[in-house]
Amino acid sequence: MDKRVLLIGDQKSFMVTAISNGLEREEFEVIRIGNSVKAISSIEEMPRLMVFYLDGDVEEISEALVFCKDLVLQGEMFFYLVGNQEELETASRYIPDELVHDKLERPLNIQILVERLMMGVEEGTQIEAKKRILVVDDDPTMTRMIKNLLTPKYNVFMAGSGMNAITFLAKNTVDLILLDYEMPVISGAKVLEMIRSEASTAYIPVIFLTGKSDKNTVMEVLALKPEKYLLKSMKPQDWVREIDDFFATQKMEAMRV
């Protein structure tokens, strides 16, 4: 079990020190950093567990909260917020409640935090056993829909653009990429070309997502030789069935080798 915790907060705070000491007594590996984008982005191997301690003017650290929001969207992380009621409410302007795994109000009972983190460790262990899927689409509504649909069975990550996807893949491995064919700036076709040009990602299977079903679009998509393509208009149950069938077929082919 990975018991590493990223503890974000004012490094001069007595409570941040107390939380760190309390977690270390429970055999967590605590990485303490300041509450700035620069400090958070300096972490090369991001822990799954992140605790952000709020203490003061939340507006002053809003950029750090937005940065954490992007990290949570990109990876299967458990993000915890600690603060008073007003601070927690203000923080929700920058990182939506649905992305926060748990909120704990001050004064903080460290033992309760330990218990919540242990639950995160157990959930993380279960998630690691799942297949990993990266969804690349510039439509946040679409990516959230797919994530919510597939998360019960799969470990789903999201990227809002082609460059975000390439950046993510430089540090993470996945078993499948669901790639929007029609994206601005960098098209899905160009992203696929970039993926296949790198030895570290060339082997990753790609399924195109498209909102168009006309013959010309379908022929363009198939000419790029993806594993398959899925229409965005498909029913939710069909989405799940198609992904399940893909991994089942992949497993059968591997057994034949």
# chains A, B, ... in the order shown; residues from 1 in each chain; ligands from 1

call {"tool": "select_by_dssp", "arguments": {"residues": "region 60-245 of chain A", "states": "helix (DSSP H, G or I)", "output": "count of residues only"}}
result
94

call {"tool": "residues_around", "arguments": {"residues": "Ser36 (chain A)", "least_positions_apart": "6", "cutoff": "9 Å", "atoms": "only C-alpha atoms", "output": "JSON, numbers by chain"}}
result
{"A": [8, 9, 61, 63, 64, 65]}

call {"tool": "write_last_selection", "arguments": {"atoms": "N, CA, C and O atoms", "output": "PDB file, in the first residue's frame"}}
result
ATOM      1  N   ILE A   8       0.168  20.030   1.903  1.00  0.00           N
ATOM      2  CA  ILE A   8       0.337  21.376   1.357  1.00  0.00           C
ATOM      3  C   ILE A   8      -0.154  22.403   2.381  1.00  0.00           C
ATOM      4  O   ILE A   8      -1.284  22.310   2.870  1.00  0.00           O
ATOM      5  N   GLY A   9       0.689  23.369   2.687  1.00  0.00           N
ATOM      6  CA  GLY A   9       0.282  24.401   3.637  1.00  0.00           C
ATOM      7  C   GLY A   9       1.442  25.291   4.031  1.00  0.00           C
ATOM      8  O   GLY A   9       2.589  25.067   3.608  1.00  0.00           O
ATOM      9  N   ILE A  61      -4.234  32.038  -2.274  1.00  0.00           N
ATOM     10  CA  ILE A  61      -3.678  30.752  -2.725  1.00  0.00           C
ATOM     11  C   ILE A  61      -4.581  30.109  -3.777  1.00  0.00           C
ATOM     12  O   ILE A  61      -4.521  28.904  -4.008  1.00  0.00           O
ATOM     13  N   GLU A  63      -4.544  30.247  -7.005  1.00  0.00           N
ATOM     14  CA  GLU A  63      -3.824  29.623  -8.124  1.00  0.00           C
ATOM     15  C   GLU A  63      -3.346  28.217  -7.761  1.00  0.00           C
ATOM     16  O   GLU A  63      -3.364  27.312  -8.601  1.00  0.00           O
ATOM     17  N   ALA A  64      -2.934  28.041  -6.526  1.00  0.00           N
ATOM     18  CA  ALA A  64      -2.488  26.717  -6.080  1.00  0.00           C
ATOM     19  C   ALA A  64      -3.655  25.730  -6.058  1.00  0.00           C
ATOM     20  O   ALA A  64      -3.502  24.555  -6.423  1.00  0.00           O
ATOM     21  N   LEU A  65      -4.834  26.210  -5.649  1.00  0.00           N
ATOM     22  CA  LEU A  65      -6.021  25.345  -5.626  1.00  0.00           C
ATOM     23  C   LEU A  65      -6.431  24.957  -7.044  1.00  0.00           C
ATOM     24  O   LEU A  65      -6.788  23.797  -7.299  1.00  0.00           O
TER      25      LEU A  65
END

call {"tool": "closest_residue", "arguments": {"among": "A:Arg106, A:Arg241, A:Lys171, A:Lys3", "to": "Gly120 (chain A)", "atoms": "only C-alpha atoms"}}
result
A:Lys3

call {"tool": "residues_around", "arguments": {"residues": "Ala91 (chain A)", "least_positions_apart": "6", "cutoff": "10 Å", "atoms": "only C-alpha atoms", "output": "JSON, numbers by chain"}}
result
{"A": [54, 58, 59, 61, 62, 65, 66, 81, 83, 85, 97]}

call {"tool": "residues_around", "arguments": {"residues": "Glu105 (chain A)", "least_positions_apart": "4", "cutoff": "12 Å", "atoms": "only C-alpha atoms", "output": "VMD selection string"}}
result
chain A and resid 52 to 55 80 to 89 109 to 110 112 to 113

call {"tool": "write_last_selection", "arguments": {"atoms": "C-alpha atoms", "output": "JSON list (two decimals), in the first residue's frame"}}
result
[["chain", "number", "residue", "atom", "x", "y", "z"],
["A", 52, "PHE", "CA", -4.31, 20.94, 1.55],
["A", 53, "TYR", "CA", -4.35, 22.85, 4.85],
["A", 54, "LEU", "CA", -6.20, 26.17, 4.57],
["A", 55, "ASP", "CA", -5.41, 28.83, 7.12],
["A", 80, "TYR", "CA", -8.47, 16.40, 1.11],
["A", 81, "LEU", "CA", -9.19, 19.93, 2.30],
["A", 82, "VAL", "CA", -8.76, 21.10, 5.91],
["A", 83, "GLY", "CA", -10.05, 24.50, 7.02],
["A", 84, "ASN", "CA", -12.84, 26.38, 8.75],
["A", 85, "GLN", "CA", -16.29, 26.56, 7.18],
["A", 86, "GLU", "CA", -15.69, 29.89, 5.45],
["A", 87, "GLU", "CA", -12.34, 28.77, 4.01],
["A", 88, "LEU", "CA", -13.81, 25.53, 2.71],
["A", 89, "GLU", "CA", -16.69, 27.37, 1.04],
["A", 109, "ASN", "CA", -8.93, 15.78, 14.95],
["A", 110, "ILE", "CA", -5.78, 14.27, 13.43],
["A", 112, "ILE", "CA", -10.02, 11.29, 12.01],
["A", 113, "LEU", "CA", -7.74, 12.51, 9.21]]

call {"tool": "residues_around", "arguments": {"residues": "region 128-142 of chain A", "least_positions_apart": "3", "cutoff": "9 Å", "atoms": "only C-alpha atoms", "output": "MDAnalysis selection string"}}
result
chainID A and resid 74 123:125 145:147 150 153:162 164:165 169 173:184 188 209 232 247

call {"tool": "atom_distance", "arguments": {"atom1": "CA of Leu231 (chain A)", "atom2": "CA of Asn216 (chain A)"}}
result
14.3 Å

call {"tool": "closest_residue", "arguments": {"among": "A:Ser187, A:Thr90, A:Thr210, A:Thr201", "to": "Lys228 (chain A)", "atoms": "only C-alpha atoms"}}
result
A:Thr210

call {"tool": "closest_residue", "arguments": {"among": "A:Ala202, A:Val16, A:Leu149, A:Ile95", "to": "Ile243 (chain A)", "atoms": "only C-alpha atoms"}}
result
A:Leu149

call {"tool": "atom_distance", "arguments": {"atom1": "CA of Ile43 (chain A)", "atom2": "CA of Glu198 (chain A)"}}
result
24.4 Å

call {"tool": "atom_distance", "arguments": {"atom1": "CA of Met118 (chain A)", "atom2": "CA of Ser42 (chain A)"}}
result
25.3 Å

call {"tool": "select_by_dssp", "arguments": {"residues": "region 19-179 of chain A", "states": "strand (DSSP E)", "output": "PyMOL selection string"}}
result
chain A and resi 29-33+49-53+78-83+102-105+132-136+155-159+176-179

call {"tool": "closest_residue", "arguments": {"among": "A:Ala39, A:Val51, A:Val121, A:Ala248", "to": "Ser20 (chain A)", "atoms": "only C-alpha atoms"}}
result
A:Val51

call {"tool": "closest_residue", "arguments": {"among": "A:Lys69, A:Lys212, A:Arg25, A:Arg116", "to": "Ile40 (chain A)", "atoms": "only C-alpha atoms"}}
result
A:Lys69

call {"tool": "closest_residue", "arguments": {"among": "A:Asn172, A:Ser197, A:Ser41, A:Gln237", "to": "Phe67 (chain A)", "atoms": "only C-alpha atoms"}}
result
A:Ser41
